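**Q** Have a look at this one.
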Amino acid sequence: MSQIPPPPSAMLAELTHRCPLSCPYCSNPLELTAREAELSAPQWAEVFTQAGALGVLQVHLSGGEPLARRDLPDLVSAAVAAGLYTNLITSGIGLTEARLKDLAGRGLDHIQLSIQGPNAQIADRVGGYKGGYDKKMEVAGWIAAEGIPLTVNAVMHRHNLDRLEEVFALALRLGARRLEVATVQFHGWAARNKAALMPTRAQVEAANRSVAAARERLKGRLVIDYVPADYYARFPKPCMGGWGRVGLVVTPDGTVMPCHAAHTIPHLRFENAKDTPLAQIWTGSPAFNAYRGTDWMREPCRSCDRREVDFGGCRCQAMAFAGAAEEADPVCEKSPHHGVMAAMAEASVAPELEGGSPGGGAIDDVAFTYRDNA
Amino acid sequence: MSALKDSDVPLLPRGVRLREDAARGGWVLLAPERVLTLDPIAVAVLRELDGERDFAAITAALAAAYAAPQEVIAKDARAFLEDLMDKRMVEVAP
Ligand code: SF4
Ligand code: SF4
């Protein structure tokens with residue numbers, strides 16, 4: 001790749017891996033960064049300034065739980081000062097009304113609040129945090145009163161995918177402008193809970209239909225963004241809008257990656273924002289350049305007419321299921337490994353299907369493997 | 001589908017921002033998880049949204065500024081703003 005890539009427009013800033021919840025579908029790596037290794041507020045401020053100069057328009061403050069950082073107000077101020085549209089991605093746990101008002105006063109543009117289920121019983125069981133659901137409802141009320149636009153984020157899996165209508169209703173009740181419905185993906189910790197979380201093909205197809213209907217019905221009231229399950233799909237989706245194309249991720253210790261799960265590709269080496277300017281990483285990093293454009297592709301992608309549409313899909317999924325990041329995403333029906341994904345998905349749900357209706361069992365009986373992030 | 005009347009006062013709600021994009025050139029409209037690249041006409045329309053004047057006054061001002069028939073401007077501007085209302089990037093003052 002000799003061309004200079006166009007600048008990124010979005011940055012995911014993972015401020016910390018610490019989190020009071022312990023969601024079984026957490027996509028953070030198994031090896032979490034310790035508090036002592038986290039970038040300081042001045043270091044983050046420098047990253048935001050460089051990002052703004054590079055062309056980043058929106059920053060997503062994420063984690064872990066960003067509220068676990070006491071200096072979050074300073075971080076928000078720094079992002080706003082860098083001219084970035086500043087979005088806080090939070091579980092709401094750790095927020096008080098005073099803290100929210102402070103963040104709003106500093107120019108926070110938007111809040112994305114996660115819900116772990118459409119009611120307290122499911123949500124608290126999934127998040128592994130008692131009282132979490134009620135707390136979120138309270139937080140949503142403060143956000144509405146403050147007038148900050150709200151996105152509700154719901155991760156859907158076998159135990160709640162049948163309850164999408166309740167999720168739509170909840171988002172409306174909370175006054176959300178946008179709802180993000182993301183079907184669980186199995187990166188990071190989530191891989192350990194594959195058997196417990198994998199939705200069935202019938203559930204996925206029903207969900208696709210109900211999202212399409214709700215989008216039409218709620219046009220002008222609620223924007224619905226949907227990450228459909230790809231385990232049963234024919235073609236992959238473009239990961240992060242294409243590798244090194246739209247966005248970058250900065251991890252709690254300052255490591256800069258093209259995508260959240262890029263560390264699962266073992267031969268890639270990532271630079272750190274502490275010692276390399278962001279602009280230099282964006283244009284010059286071998287890890288970012290590795291899968292830019294189409295030159296790196298093997299067949300069937302190399303000669304495929306969709307290669308500029310989906311860029312061969314997800315590199316991390318290719319790594320995990322086809323054995324090399326240069327392969328086509330195994331979701332693709334042209335991949336020789338196609339079928340592995342669907343077979344894996346079907347094998348994951350099989351035991352439960354034999355035992356009764358999927359997702360129909362009591363949520364308390366599901367064996368989740370929780371993580372300890374605190 | 002959203003409908004914008006002549007007497008409605010369209011505005012950019014909190015969390016939707018119009019800004020210049022120095023790195024790429026031109027202007028963009030920023031909203032939750034959205035970056036809209038704008039052409040010069042779109043920028044001209046959005047810059048008129050002051051939260052005070054109604055749609056009729058806005059299109060009259062644009063017609064005067066660009067020496068174009070107001071009906072033509074109103075037709076395009078209405079389609080553009082109604083689409084943004086569907087996307088919750090423009091609201092009408094209560
Ligand atoms: S535990 Fe849940 S809220 Fe915390 S980082 Fe993981 S997915 Fe996010
Ligand atoms: S062969 Fe590659 S480029 Fe073509 S659709 Fe499949 S993954 Fe996408």
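In the structure tokens, each chain is lettered A, B, ... as it comes, each chain's residues begin at 1, and ligands are numbered from 1 in order of appearance.
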Give as a PyMOL selection string every residue of chain B that touches chain A within 6 Å, counting only C-alpha atoms.
**A** chain B and resi 15+23+85-88
**Q** Restrict the selected residues to C-alpha atoms and save them as a PDB file, in the first residue's frame.
**A**
```pdb
ATOM      1  CA  GLY B  15     -26.679  16.215  19.957  1.00  0.00           C
ATOM      2  CA  ALA B  23      -9.360  17.191   7.166  1.00  0.00           C
ATOM      3  CA  MET B  85     -36.647  14.264  10.536  1.00  0.00           C
ATOM      4  CA  ASP B  86     -37.128  10.571   9.729  1.00  0.00           C
ATOM      5  CA  LYS B  87     -33.553  10.077  10.896  1.00  0.00           C
ATOM      6  CA  ARG B  88     -34.160  12.188  14.004  1.00  0.00           C
TER       7      ARG B  88
END
```
**Q** Distance table requested - chain A against ligand 2, cut-off 12 Å, only C-alpha atoms and all ligand atoms: one row per qualifying residue with the closest atom pair and its distance in Å to one decimal, ordered by chain and rising residue number, as a tab-separated table.
**A**
```
residue	atom	partner	partner_atom_place_in_ligand_line	distance
A:Ala233	CA	ligand 2	6 (Fe)	11.1
A:Arg234	CA	ligand 2	5 (S)	8.4
A:Phe235	CA	ligand 2	5 (S)	5.5
A:Pro236	CA	ligand 2	7 (S)	6.0
A:Lys237	CA	ligand 2	8 (Fe)	8.1
A:Pro238	CA	ligand 2	8 (Fe)	8.3
A:Cys239	CA	ligand 2	7 (S)	10.9
A:Gly242	CA	ligand 2	8 (Fe)	11.4
A:Gly293	CA	ligand 2	3 (S)	11.4
A:Thr294	CA	ligand 2	3 (S)	9.1
A:Asp295	CA	ligand 2	3 (S)	12.0
A:Trp296	CA	ligand 2	2 (Fe)	11.6
A:Met297	CA	ligand 2	2 (Fe)	8.2
A:Arg298	CA	ligand 2	2 (Fe)	8.5
A:Glu299	CA	ligand 2	1 (S)	7.1
A:Pro300	CA	ligand 2	1 (S)	4.6
A:Cys301	CA	ligand 2	2 (Fe)	3.5
A:Arg302	CA	ligand 2	3 (S)	7.0
A:Ser303	CA	ligand 2	4 (Fe)	7.7
A:Cys304	CA	ligand 2	4 (Fe)	4.6
A:Asp305	CA	ligand 2	4 (Fe)	6.4
A:Arg306	CA	ligand 2	3 (S)	4.7
A:Arg307	CA	ligand 2	3 (S)	3.6
A:Glu308	CA	ligand 2	3 (S)	7.1
A:Val309	CA	ligand 2	8 (Fe)	7.2
A:Asp310	CA	ligand 2	8 (Fe)	5.2
A:Phe311	CA	ligand 2	3 (S)	5.5
A:Gly312	CA	ligand 2	7 (S)	3.6
A:Gly313	CA	ligand 2	7 (S)	5.2
A:Cys314	CA	ligand 2	7 (S)	8.3
A:Arg315	CA	ligand 2	7 (S)	9.9
A:Gln317	CA	ligand 2	7 (S)	10.9
A:Ala318	CA	ligand 2	7 (S)	9.4
A:Ala322	CA	ligand 2	7 (S)	11.7
A:Ala325	CA	ligand 2	7 (S)	11.6
A:Glu326	CA	ligand 2	2 (Fe)	10.0
A:Glu327	CA	ligand 2	2 (Fe)	8.0
A:Ala328	CA	ligand 2	7 (S)	4.5
A:Asp329	CA	ligand 2	7 (S)	5.1
A:Pro330	CA	ligand 2	7 (S)	7.4
A:Val331	CA	ligand 2	7 (S)	7.4
A:Cys332	CA	ligand 2	6 (Fe)	4.5
A:Glu333	CA	ligand 2	6 (Fe)	6.6
A:Lys334	CA	ligand 2	1 (S)	5.3
A:Ser335	CA	ligand 2	1 (S)	6.4
A:Pro336	CA	ligand 2	1 (S)	9.9
A:His337	CA	ligand 2	6 (Fe)	11.0
A:His338	CA	ligand 2	6 (Fe)	9.6
```
**Q** Counting only C-alpha atoms and all ligand atoms, which residue out of A:Ile4, A:Leu172, A:Ala182, A:Arg163 sits closest to ligand 1?
**A**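 Result for the nearest residue to ligand 1: A:Ala182.
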**Q** Near Leu164 (chain A), within 9 Å and counting only C-alpha atoms, which residues show up once chain neighbours fewer than 5 positions away are dropped, as a PyMOL selection string?
**A** chain A and resi 118+156+169+181+207+210-211
**Q** Give me the residues near Ala57 (chain B) as a ChimeraX atom specification, where near means some atom within 9 Å (using only C-alpha atoms) and where sequence neighbours in that chain fewer than 4 positions away do not count.
**A** /B:6-7,53,61-62
**Q** Only N, CA, C and O atoms, please: the residues just picked out, written as an mmCIF file, in the first residue's frame.
**A**
```
data_model
loop_
_atom_site.group_PDB
_atom_site.id
_atom_site.type_symbol
_atom_site.label_atom_id
_atom_site.label_comp_id
_atom_site.auth_asym_id
_atom_site.auth_seq_id
_atom_site.Cartn_x
_atom_site.Cartn_y
_atom_site.Cartn_z
ATOM 1 N N ASP B 6 -45.270 24.650 6.377
ATOM 2 C CA ASP B 6 -44.668 25.976 6.201
ATOM 3 C C ASP B 6 -44.517 26.718 7.521
ATOM 4 O O ASP B 6 -43.584 27.491 7.718
ATOM 5 N N SER B 7 -45.470 26.460 8.434
ATOM 6 C CA SER B 7 -45.457 27.201 9.701
ATOM 7 C C SER B 7 -44.621 26.504 10.783
ATOM 8 O O SER B 7 -44.500 27.010 11.890
ATOM 9 N N ARG B 53 -37.155 31.041 13.096
ATOM 10 C CA ARG B 53 -37.957 31.264 11.892
ATOM 11 C C ARG B 53 -38.608 29.974 11.411
ATOM 12 O O ARG B 53 -38.026 28.885 11.540
ATOM 13 N N ALA B 61 -35.920 33.398 2.619
ATOM 14 C CA ALA B 61 -34.560 33.937 2.748
ATOM 15 C C ALA B 61 -33.626 33.270 1.742
ATOM 16 O O ALA B 61 -32.805 33.931 1.092
ATOM 17 N N LEU B 62 -33.758 31.960 1.579
ATOM 18 C CA LEU B 62 -32.895 31.239 0.639
ATOM 19 C C LEU B 62 -33.196 31.678 -0.796
ATOM 20 O O LEU B 62 -32.273 31.837 -1.605
#
```
**Q** Per DSSP on the backbone, filter chain B down to the residues in helix (DSSP H, G or I) and report them as a count of residues only.
**A** 37
**Q** With distances taken over only C-alpha atoms and all ligand atoms, which of A:Gly284, A:Pro42, A:Pro5, A:Gly132 is nearest to ligand 1?
**A**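 The answer is A:Gly132, which sits nearest to ligand 1.
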**Q** I need the residues in region 141-288 of chain A that are strand (DSSP E or B) according to DSSP; give them as a list in words.
**A**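 Everything in region 141-288 of chain A that counts as strand (DSSP E or B) is Leu150, Thr151, Val152, Asn153, Ala154, Val155, Met156, Arg178, Leu179, Glu180, Val181, Ala182, Thr183, Val223, Ile224, Asp225, Tyr226, Val227, Gly247, Leu248, Val249, Val250, Thr255, Val256, Met257 and Asn272 of chain A.
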**Q** Excluding same-chain residues fewer than 4 positions from Arg209 (chain A), what lies within 12 Å of it counting only C-alpha atoms, as a compact mmCIF listing (two decimals) with N, CA, C and O atoms, in the first residue's frame?
**A**
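After the write, result-v3.txt holds the following:
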```txt
# COMPACT_ATOMS: atom_id res chain seq x y z
N LEU A 161 -33.59 -12.78 22.52
CA LEU A 161 -33.87 -12.42 21.13
C LEU A 161 -35.36 -12.51 20.82
O LEU A 161 -35.86 -11.82 19.94
N ASP A 162 -36.08 -13.34 21.55
CA ASP A 162 -37.53 -13.45 21.34
C ASP A 162 -38.28 -12.27 21.97
O ASP A 162 -39.49 -12.18 21.86
N LEU A 164 -37.67 -8.94 21.50
CA LEU A 164 -37.32 -7.68 20.84
C LEU A 164 -38.41 -6.63 20.99
O LEU A 164 -38.12 -5.46 21.18
N GLU A 165 -39.68 -7.05 20.90
CA GLU A 165 -40.76 -6.08 21.00
C GLU A 165 -40.70 -5.35 22.34
O GLU A 165 -40.96 -4.15 22.42
N ALA A 202 -33.91 -19.98 13.71
CA ALA A 202 -35.29 -19.48 13.68
C ALA A 202 -35.40 -18.15 14.42
O ALA A 202 -36.07 -17.22 13.98
N GLN A 203 -34.70 -18.05 15.55
CA GLN A 203 -34.73 -16.80 16.31
C GLN A 203 -34.13 -15.66 15.49
O GLN A 203 -34.66 -14.55 15.47
N VAL A 204 -33.01 -15.93 14.83
CA VAL A 204 -32.32 -14.90 14.05
C VAL A 204 -33.22 -14.43 12.91
O VAL A 204 -33.34 -13.23 12.65
N GLU A 205 -33.88 -15.37 12.25
CA GLU A 205 -34.74 -14.98 11.13
C GLU A 205 -35.94 -14.17 11.61
O GLU A 205 -36.32 -13.18 10.98
N ALA A 213 -39.73 -4.51 10.48
CA ALA A 213 -41.08 -3.96 10.68
C ALA A 213 -41.03 -2.77 11.64
O ALA A 213 -41.68 -1.75 11.41
N ALA A 214 -40.25 -2.89 12.70
CA ALA A 214 -40.19 -1.81 13.70
C ALA A 214 -39.56 -0.56 13.10
O ALA A 214 -39.97 0.56 13.39
N ARG A 215 -38.56 -0.74 12.27
CA ARG A 215 -37.92 0.42 11.62
C ARG A 215 -38.93 1.22 10.83
O ARG A 215 -38.93 2.44 10.87
N GLU A 216 -39.77 0.53 10.11
CA GLU A 216 -40.78 1.18 9.29
C GLU A 216 -41.80 1.90 10.19
O GLU A 216 -42.12 3.06 10.02
N TYR A 226 -28.99 -2.00 13.68
CA TYR A 226 -29.11 -3.43 13.94
C TYR A 226 -27.85 -4.15 13.49
O TYR A 226 -27.41 -3.99 12.35
N PRO A 228 -27.03 -7.64 12.75
CA PRO A 228 -27.65 -8.96 12.68
C PRO A 228 -26.63 -10.05 12.96
O PRO A 228 -25.42 -9.83 12.84
```
**Q** Residues within 12 Å of region 89-94 of chain B, please, as a PyMOL selection string. Count only C-alpha atoms; anything in the same chain fewer than 4 positions from it doesn't count.
**A** (chain A and resi 149+177-178+219-223) or (chain B and resi 2-18+29-36+45-46+49-55+78+80-85)
**Q** What's the separation between CA of Pro252 (chain A) and CA of Arg99 (chain A), in Å to one decimal place?
**A**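 Straight-line distance from CA of Pro252 (chain A) to CA of Arg99 (chain A) works out to 22.0 Å.
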**Q** How many Å lie between CA of Thr264 (chain A) and CA of Phe321 (chain A), rounded to one decimal?
**A** 11.9 Å
**Q** Using only C-alpha atoms, determine which residues lie at most 12 Å from Val72 (chain B), disregarding the query and same-chain residues fewer than 4 positions distant; provide the list as a ChimeraX atom specification.
**A** /B:59-60,62-63,66-68,76-79
